[in-house]
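Participant: The structure is given below, and queries will be raised subsequently.
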Amino acid sequence: MPPTLLVVDDEPQILQVVSGILLDEGFEVLTAPDGETALKLVADASPDLVLLDIALPGMDGLEVLRELKRLYPTLPVIIISAYGSVENAVKATRLGAYDFIEKPPHADNILLTTRNALEMARLFEENRRLRQQAAPSREIIGKSEAVRKLREQLRVVAPTNASVLITGENGTGKELVARALHFLSKRSHRPFVEVNCAAIPEDLIESELFGHEKGAFTGATSRRQGKFDQAHEGTLFLDEIGDMSLRTQAKILRILEEQRFERVGGGRPIQVEVRIVAATNKNLEEEIAKGTFREDLYHRINVIPLAVPPLRERREDIPLLTGHFLKELARENDSPPKSFTLRALEALTAFPWPGNVRELKNFVWRLAILTPDQTIDLADLPGYAAALDTPPGSLEALLLMPTFREARARFEKEFLRRKLAQCDGNVGLAAEKIGLERSHLYRKLKAYGLEVGKEGE
Ligand SMILES: Nc1ncnc2c1ncn2[C@@H]1O[C@H](COP(=O)(O)OP(=O)(O)OP(=O)(O)O)[C@@H](O)[C@H]1O
Ligand SMILES: [Mg+2]
């Protein structure tokens, strides 16, 4: 779509000449004979640029400019002014006009200034977008006791040089914690270097960590820095450390003990000073028992243990996190954030989230993208409608029930139906098995409209 330009001038001749020049170049052109019409057109058609005459009947050009800048600060405005009115041109520039063109306007001049202004506006917009994308939130969101404690521990531990081992299930926020640790530390101006121990092939991990000299092996065409060098005086984040081979574990242990290492294929030892932050979703004590993790390395990295609890153990964080992710998405798309209804939020809060915060984030983003309305309700949650029509075979279906009362009723009915079936409809037997008074069970069965078979002894 070509850019739309609005030309404002009370002289029909000038309007015609200027629009003609711009139309010939393929721009969309709107025109207005006075300031009031111009403001209305900007509001209705949101043009990409305004060419504005100063001497207008009624509201004068400078007033229009002031109003435009107040309402649309990034809309570029080019002033068209009569020859010699330097004073006005200066005022206009102070008010935020991009540039000014003298009358009579020349085609070259108009086109050049217009293109420059559009380009500037584009760069400005792009820059704003990039700035937003480049600054992902480092904030650890949550008000649960567990998250408060984690934040407090981070504040205390971050400024020290102690090695930290972060443990937690998949998607709980271990990497977020590792980065927070770095940025709260005295090393924050030095590099944070991440190594994913699980993703690097066994035979490359040494060169990845320690670098190599030129010609150290086939394919080593130049000398290369390893992650340890890169992290000098900063933080080295060893992610998924439980997936490292025993051989690499031995090497790492030696470096941590000596704080120096050799490149692959090079004899000269290199001195480094790094802080180690490691993370894993494995239980390293179990790995030690199995013989797949070195106990001495474990003690070396586990000076300060930080455990990030699973999301299901801090459900009160779910609404906050949901709101945070909705805002984050809205910022990325430059649109107002959507919201969940209370009922939908309750369902999210009740869900067990086996993939933890990452799963919640993906889920919230997917729903916000796929739901056309600004508000996301229970019926928009996938599987909810189906859950209402079928007996709750799974916990998930139950958890989609809007209120505690409904969920409990659904559960009770299904529980009693199945228990009774197991006892061939014998109420007395079922009552005994599930620990209820027979009369009590009987009343419940009737209340739920469950068919009652033969009475027990
Ligand atoms: N408390 C939190 N506040 C805000 N965002 C969070 C929080 N916890 C996790 N996240 C976000 O959830 C996503 C997953 O977190 P992260 O990658 O840190 O988890 P992880 O434990 O390293 O996962 P994995 O075990 O799969 O590597 C990221 O986008 C992260 O920013
Ligand atoms: Mg991770």
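By order in the structure tokens, chains are A, B, ...; within a chain, residues start at 1; ligands start at 1, following the order shown.
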So that I can check the surroundings of segment 315-317 of chain A, please list as a PyMOL selection string every protein, DNA and RNA residue that reaches within 6 Å of it, counting only C-alpha atoms and ignoring chain neighbours fewer than 6 positions away.
Facilitator: chain A and resi 142-143+349
Participant: Show me which residues are within 9 Å of ligand 1 counting only C-alpha atoms and all ligand atoms, and format the list as a ChimeraX atom specification.
Facilitator: /A:136-142,147,166-179,239-240,279-281,308,311,317,320-321,324-325,355-362
Participant: Keeping N, CA and C atoms for every residue in the selection just given, could you write it to a file as a short mmCIF file (atom, residue, chain, number, x, y, z; two decimals), in the first residue's frame?
Facilitator:
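again.cif was written with the following content:
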data_model
loop_
_atom_site.label_atom_id
_atom_site.label_comp_id
_atom_site.auth_asym_id
_atom_site.auth_seq_id
_atom_site.Cartn_x
_atom_site.Cartn_y
_atom_site.Cartn_z
N PRO A 136 13.82 -8.05 26.65
CA PRO A 136 12.85 -8.97 27.22
C PRO A 136 12.84 -8.78 28.73
N SER A 137 11.70 -9.02 29.31
CA SER A 137 11.57 -8.78 30.74
C SER A 137 12.45 -9.76 31.53
N ARG A 138 13.17 -9.22 32.51
CA ARG A 138 14.00 -10.09 33.36
C ARG A 138 13.34 -10.27 34.71
N GLU A 139 12.18 -9.72 34.84
CA GLU A 139 11.51 -9.72 36.12
C GLU A 139 10.99 -11.12 36.44
N ILE A 140 11.17 -11.53 37.67
CA ILE A 140 10.61 -12.81 38.10
C ILE A 140 9.26 -12.50 38.73
N ILE A 141 8.20 -12.82 38.00
CA ILE A 141 6.86 -12.46 38.43
C ILE A 141 6.34 -13.49 39.42
N GLY A 142 5.62 -13.03 40.42
CA GLY A 142 4.99 -13.96 41.36
C GLY A 142 4.87 -13.34 42.74
N VAL A 147 8.08 -17.76 45.53
CA VAL A 147 8.76 -16.83 44.63
C VAL A 147 9.36 -15.66 45.40
N ILE A 166 20.87 -24.35 40.15
CA ILE A 166 19.43 -24.10 40.10
C ILE A 166 18.73 -25.39 39.67
N THR A 167 17.80 -25.84 40.49
CA THR A 167 17.07 -27.05 40.11
C THR A 167 15.59 -26.75 39.99
N GLY A 168 14.92 -27.54 39.18
CA GLY A 168 13.49 -27.36 39.00
C GLY A 168 13.03 -28.11 37.77
N GLU A 169 11.74 -28.39 37.73
CA GLU A 169 11.17 -29.11 36.58
C GLU A 169 11.30 -28.27 35.31
N ASN A 170 10.98 -28.90 34.18
CA ASN A 170 10.98 -28.21 32.90
C ASN A 170 10.09 -26.97 32.94
N GLY A 171 10.62 -25.87 32.43
CA GLY A 171 9.80 -24.68 32.24
C GLY A 171 9.45 -23.92 33.50
N THR A 172 10.14 -24.17 34.62
CA THR A 172 9.80 -23.47 35.85
C THR A 172 10.42 -22.07 35.91
N GLY A 173 11.43 -21.82 35.06
CA GLY A 173 12.06 -20.50 35.06
C GLY A 173 13.51 -20.52 35.51
N LYS A 174 14.19 -21.65 35.31
CA LYS A 174 15.58 -21.77 35.76
C LYS A 174 16.50 -20.79 35.02
N GLU A 175 16.28 -20.69 33.71
CA GLU A 175 17.13 -19.78 32.94
C GLU A 175 16.89 -18.33 33.34
N LEU A 176 15.64 -18.01 33.56
CA LEU A 176 15.29 -16.65 34.01
C LEU A 176 16.02 -16.33 35.31
N VAL A 177 16.05 -17.29 36.22
CA VAL A 177 16.72 -17.11 37.50
C VAL A 177 18.23 -16.93 37.30
N ALA A 178 18.80 -17.73 36.39
CA ALA A 178 20.24 -17.64 36.13
C ALA A 178 20.60 -16.25 35.60
N ARG A 179 19.77 -15.74 34.68
CA ARG A 179 20.04 -14.41 34.13
C ARG A 179 19.87 -13.33 35.19
N ASP A 239 23.79 -24.94 31.39
CA ASP A 239 22.39 -25.36 31.44
C ASP A 239 22.31 -26.86 31.17
N GLU A 240 21.33 -27.53 31.75
CA GLU A 240 21.14 -28.97 31.61
C GLU A 240 22.41 -29.72 31.97
N ALA A 279 22.30 -25.35 35.90
CA ALA A 279 20.88 -25.66 36.08
C ALA A 279 20.61 -27.07 35.58
N THR A 280 19.64 -27.70 36.20
CA THR A 280 19.24 -29.03 35.74
C THR A 280 17.81 -29.34 36.20
N ASN A 281 17.14 -30.18 35.39
CA ASN A 281 15.82 -30.64 35.85
C ASN A 281 15.94 -32.07 36.40
N VAL A 308 13.62 -23.99 42.13
CA VAL A 308 12.48 -23.26 41.58
C VAL A 308 11.29 -24.21 41.61
N LEU A 311 4.92 -24.95 39.08
CA LEU A 311 3.84 -23.96 39.09
C LEU A 311 2.64 -24.44 39.90
N ASP A 317 0.33 -17.59 41.74
CA ASP A 317 1.10 -16.81 40.77
C ASP A 317 0.47 -16.83 39.38
N LEU A 320 -1.23 -13.60 37.98
CA LEU A 320 -0.21 -12.56 37.75
C LEU A 320 0.60 -12.86 36.49
N LEU A 321 1.03 -14.12 36.38
CA LEU A 321 1.83 -14.52 35.23
C LEU A 321 1.02 -14.37 33.95
N HIS A 324 0.88 -10.84 32.96
CA HIS A 324 2.20 -10.44 32.48
C HIS A 324 2.41 -10.89 31.03
N PHE A 325 2.04 -12.13 30.74
CA PHE A 325 2.25 -12.65 29.37
C PHE A 325 1.32 -11.96 28.37
N GLY A 355 3.95 -28.66 32.20
CA GLY A 355 5.08 -27.98 31.56
C GLY A 355 5.38 -26.64 32.21
N ASN A 356 4.75 -26.39 33.38
CA ASN A 356 5.03 -25.22 34.21
C ASN A 356 4.85 -23.88 33.49
N VAL A 357 5.69 -22.88 33.86
CA VAL A 357 5.45 -21.52 33.36
C VAL A 357 5.55 -21.45 31.84
N ARG A 358 6.46 -22.22 31.25
CA ARG A 358 6.58 -22.18 29.80
C ARG A 358 5.27 -22.63 29.15
N GLU A 359 4.67 -23.69 29.68
CA GLU A 359 3.42 -24.18 29.12
C GLU A 359 2.32 -23.13 29.27
N LEU A 360 2.27 -22.51 30.44
CA LEU A 360 1.26 -21.47 30.67
C LEU A 360 1.45 -20.32 29.68
N LYS A 361 2.69 -19.91 29.49
CA LYS A 361 2.98 -18.79 28.59
C LYS A 361 2.54 -19.13 27.16
N ASN A 362 2.92 -20.30 26.68
CA ASN A 362 2.53 -20.70 25.32
C ASN A 362 1.02 -20.77 25.18
#
Participant: Check the smallest atom-to-atom distance from each of A:Leu238, A:Arg366, A:Ala350, A:Glu286 to ligand 2 using only C-alpha atoms and all ligand atoms, then report the winner.
Facilitator: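 Result for the nearest residue to ligand 2: A:Leu238.
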Participant: What is the distance, in Å and to one decimal place, between atom CA of Arg343 of chain A and atom CA of Lys446 of chain A?
Facilitator: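 Interatomic distance here is 29.4 Å.
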Participant: Pick from A:Val77, A:Ile110, A:Ala199, A:Ala55: nearest to ligand 2, with only C-alpha atoms and all ligand atoms counted?
Facilitator: A:Ala199
Participant: Give me, as a PyMOL selection string, all polymer residues having an atom no more than 12 Å from Gln249 of chain A, counting only C-alpha atoms and skipping those fewer than 4 positions away in the same chain.
Facilitator: chain A and resi 197+202+205-206+209+238+241-245+253-256+292-298+300-301
Participant: From the set A:Ser207, A:Asn88, A:Asn196, A:Asn302, which residue has the shortest atom-to-atom contact distance to ligand 2, counting only C-alpha atoms and all ligand atoms?
Facilitator: A:Asn196
Participant: Which is closer to Ala330 of chain A than all the others in A:Val364, A:Leu306, A:Arg66, A:Phe351, using only C-alpha atoms?
Facilitator: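 Among A:Val364, A:Leu306, A:Arg66, A:Phe351, it is A:Val364 that comes nearest to Ala330 of chain A.
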Participant: So that I can see what lies close to segment 91-94 of chain A, please list as a PyMOL selection string the residues with an atom at most 10 Å from it, counting only C-alpha atoms and leaving out residues fewer than 4 positions away in the same chain.
Facilitator: chain A and resi 54+61-63+65-66+77-79+81+86-87+98-100
Participant: Just to confirm, what's the straight-line distance from atom CA of Leu381 of chain A to atom CA of Thr341 of chain A in Å (one decimal)?
Facilitator: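 Here the two named atoms are 11.2 Å from each other.
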Participant: Record the distance separating atom CA of Val164 of chain A and atom CA of Val277 of chain A, expressed in Å with one decimal.
Facilitator: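 Computing it gives 4.8 Å between the two atoms.
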Participant: Pick out the residues sitting within 9 Å of Thr403 of chain A, and hand them over as JSON, numbers by chain; count only C-alpha atoms, and ignore anything fewer than 5 positions along from it in its own chain.
Facilitator: {"A": [343, 346, 347, 408]}
Participant: Name the residues of segment 187-429 of chain A that fall into alpha helix (DSSP H) according to DSSP on the backbone, using the chain letters and numbers of this document, as JSON, numbers by chain.
Facilitator: {"A": [205, 206, 207, 208, 209, 210, 227, 228, 229, 230, 246, 247, 248, 249, 250, 251, 252, 253, 254, 255, 256, 257, 258, 284, 285, 286, 287, 288, 289, 290, 295, 296, 297, 298, 299, 300, 301, 318, 319, 320, 321, 322, 323, 324, 325, 326, 327, 328, 329, 330, 331, 332, 333, 342, 343, 344, 345, 346, 347, 348, 349, 350, 356, 357, 358, 359, 360, 361, 362, 363, 364, 365, 366, 367, 368, 369, 370, 384, 385, 386, 387, 388, 389, 395, 396, 397, 398, 399, 404, 405, 406, 407, 408, 409, 410, 411, 412, 413, 414, 415, 416, 417, 418, 419, 420, 421, 422, 427, 428, 429]}
Participant: Got time to write the residues from that selection, C-alpha atoms, as an mmCIF file, in the first residue's frame?
Facilitator:
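The result, written out as selection_20.cif:
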data_model
loop_
_atom_site.group_PDB
_atom_site.id
_atom_site.type_symbol
_atom_site.label_atom_id
_atom_site.label_comp_id
_atom_site.auth_asym_id
_atom_site.auth_seq_id
_atom_site.Cartn_x
_atom_site.Cartn_y
_atom_site.Cartn_z
ATOM 1 C CA ILE A 205 31.773 -30.078 23.731
ATOM 2 C CA GLU A 206 35.456 -29.684 24.551
ATOM 3 C CA SER A 207 36.117 -27.327 21.693
ATOM 4 C CA GLU A 208 32.892 -25.519 22.517
ATOM 5 C CA LEU A 209 33.904 -24.984 26.133
ATOM 6 C CA PHE A 210 37.635 -24.544 25.802
ATOM 7 C CA LYS A 227 32.842 -20.401 26.215
ATOM 8 C CA PHE A 228 35.184 -20.309 29.207
ATOM 9 C CA ASP A 229 37.303 -17.564 27.550
ATOM 10 C CA GLN A 230 34.234 -15.648 26.527
ATOM 11 C CA LEU A 246 31.437 -38.136 32.601
ATOM 12 C CA ARG A 247 34.463 -37.232 30.511
ATOM 13 C CA THR A 248 33.408 -33.595 30.162
ATOM 14 C CA GLN A 249 32.476 -33.530 33.832
ATOM 15 C CA ALA A 250 36.050 -34.462 34.688
ATOM 16 C CA LYS A 251 37.413 -31.629 32.527
ATOM 17 C CA ILE A 252 35.065 -29.063 33.969
ATOM 18 C CA LEU A 253 35.911 -30.125 37.467
ATOM 19 C CA ARG A 254 39.597 -29.597 36.807
ATOM 20 C CA ILE A 255 39.042 -26.098 35.440
ATOM 21 C CA LEU A 256 36.873 -25.162 38.363
ATOM 22 C CA GLU A 257 39.573 -26.320 40.718
ATOM 23 C CA GLU A 258 42.456 -24.660 38.905
ATOM 24 C CA LEU A 284 21.656 -35.024 40.648
ATOM 25 C CA GLU A 285 21.778 -37.070 43.847
ATOM 26 C CA GLU A 286 19.955 -39.840 42.011
ATOM 27 C CA GLU A 287 22.341 -39.449 39.082
ATOM 28 C CA ILE A 288 25.274 -39.805 41.477
ATOM 29 C CA ALA A 289 23.752 -42.988 42.878
ATOM 30 C CA LYS A 290 23.379 -44.294 39.311
ATOM 31 C CA GLU A 295 29.906 -36.494 43.260
ATOM 32 C CA ASP A 296 32.953 -34.196 43.521
ATOM 33 C CA LEU A 297 31.645 -31.995 40.710
ATOM 34 C CA TYR A 298 28.240 -31.928 42.367
ATOM 35 C CA HIS A 299 29.722 -30.553 45.585
ATOM 36 C CA ARG A 300 31.747 -28.009 43.679
ATOM 37 C CA ILE A 301 28.779 -26.516 41.795
ATOM 38 C CA ILE A 318 -0.946 -17.979 37.775
ATOM 39 C CA PRO A 319 -3.211 -14.909 37.415
ATOM 40 C CA LEU A 320 -0.215 -12.561 37.749
ATOM 41 C CA LEU A 321 1.831 -14.519 35.229
ATOM 42 C CA THR A 322 -1.126 -14.669 32.844
ATOM 43 C CA GLY A 323 -1.530 -10.889 32.986
ATOM 44 C CA HIS A 324 2.202 -10.438 32.479
ATOM 45 C CA PHE A 325 2.250 -12.646 29.375
ATOM 46 C CA LEU A 326 -0.825 -10.913 27.916
ATOM 47 C CA LYS A 327 0.902 -7.549 28.317
ATOM 48 C CA GLU A 328 4.125 -8.882 26.862
ATOM 49 C CA LEU A 329 2.319 -10.170 23.770
ATOM 50 C CA ALA A 330 0.399 -6.918 23.367
ATOM 51 C CA ARG A 331 3.634 -4.939 23.519
ATOM 52 C CA GLU A 332 5.188 -7.110 20.851
ATOM 53 C CA ASN A 333 2.175 -6.686 18.584
ATOM 54 C CA LEU A 342 -12.675 -14.379 36.055
ATOM 55 C CA ARG A 343 -14.163 -17.795 35.294
ATOM 56 C CA ALA A 344 -11.540 -18.500 32.641
ATOM 57 C CA LEU A 345 -8.785 -17.367 34.974
ATOM 58 C CA GLU A 346 -10.098 -19.716 37.637
ATOM 59 C CA ALA A 347 -9.899 -22.601 35.198
ATOM 60 C CA LEU A 348 -6.294 -21.658 34.320
ATOM 61 C CA THR A 349 -5.444 -21.485 38.001
ATOM 62 C CA ALA A 350 -6.850 -24.941 38.616
ATOM 63 C CA ASN A 356 5.031 -25.219 34.205
ATOM 64 C CA VAL A 357 5.449 -21.517 33.359
ATOM 65 C CA ARG A 358 6.579 -22.177 29.798
ATOM 66 C CA GLU A 359 3.417 -24.184 29.117
ATOM 67 C CA LEU A 360 1.258 -21.469 30.673
ATOM 68 C CA LYS A 361 2.981 -18.791 28.590
ATOM 69 C CA ASN A 362 2.526 -20.701 25.324
ATOM 70 C CA PHE A 363 -1.068 -21.453 26.200
ATOM 71 C CA VAL A 364 -1.902 -17.834 27.056
ATOM 72 C CA TRP A 365 -0.224 -16.523 23.893
ATOM 73 C CA ARG A 366 -1.950 -19.081 21.702
ATOM 74 C CA LEU A 367 -5.364 -18.226 23.156
ATOM 75 C CA ALA A 368 -4.760 -14.481 22.901
ATOM 76 C CA ILE A 369 -3.781 -14.868 19.260
ATOM 77 C CA LEU A 370 -6.596 -17.239 18.321
ATOM 78 C CA TYR A 384 -13.940 -26.835 27.740
ATOM 79 C CA ALA A 385 -17.116 -27.367 25.712
ATOM 80 C CA ALA A 386 -16.259 -31.032 25.272
ATOM 81 C CA ALA A 387 -15.580 -31.401 28.996
ATOM 82 C CA LEU A 388 -19.090 -30.233 29.770
ATOM 83 C CA ASP A 389 -20.720 -32.906 27.621
ATOM 84 C CA LEU A 395 -8.552 -34.428 36.011
ATOM 85 C CA GLU A 396 -8.113 -31.866 33.242
ATOM 86 C CA ALA A 397 -11.803 -32.027 32.360
ATOM 87 C CA LEU A 398 -12.717 -31.528 36.002
ATOM 88 C CA LEU A 399 -10.371 -28.627 36.341
ATOM 89 C CA PHE A 404 -15.560 -25.363 43.214
ATOM 90 C CA ARG A 405 -19.169 -26.357 43.818
ATOM 91 C CA GLU A 406 -19.689 -27.539 40.231
ATOM 92 C CA ALA A 407 -16.375 -29.360 40.118
ATOM 93 C CA ARG A 408 -17.078 -31.135 43.379
ATOM 94 C CA ALA A 409 -20.560 -32.126 42.288
ATOM 95 C CA ARG A 410 -19.240 -33.507 39.037
ATOM 96 C CA PHE A 411 -16.537 -35.409 40.782
ATOM 97 C CA GLU A 412 -18.868 -36.829 43.431
ATOM 98 C CA LYS A 413 -21.383 -38.020 40.894
ATOM 99 C CA GLU A 414 -18.761 -39.733 38.767
ATOM 100 C CA PHE A 415 -16.988 -41.207 41.799
ATOM 101 C CA LEU A 416 -20.199 -42.629 43.232
ATOM 102 C CA ARG A 417 -21.354 -43.945 39.844
ATOM 103 C CA ARG A 418 -18.130 -45.876 39.362
ATOM 104 C CA LYS A 419 -17.884 -47.175 42.918
ATOM 105 C CA LEU A 420 -21.455 -48.370 42.775
ATOM 106 C CA ALA A 421 -20.814 -50.116 39.466
ATOM 107 C CA GLN A 422 -17.789 -51.865 41.020
ATOM 108 C CA VAL A 427 -25.432 -49.675 47.994
ATOM 109 C CA GLY A 428 -24.608 -51.266 51.348
ATOM 110 C CA LEU A 429 -21.357 -52.702 50.050
#
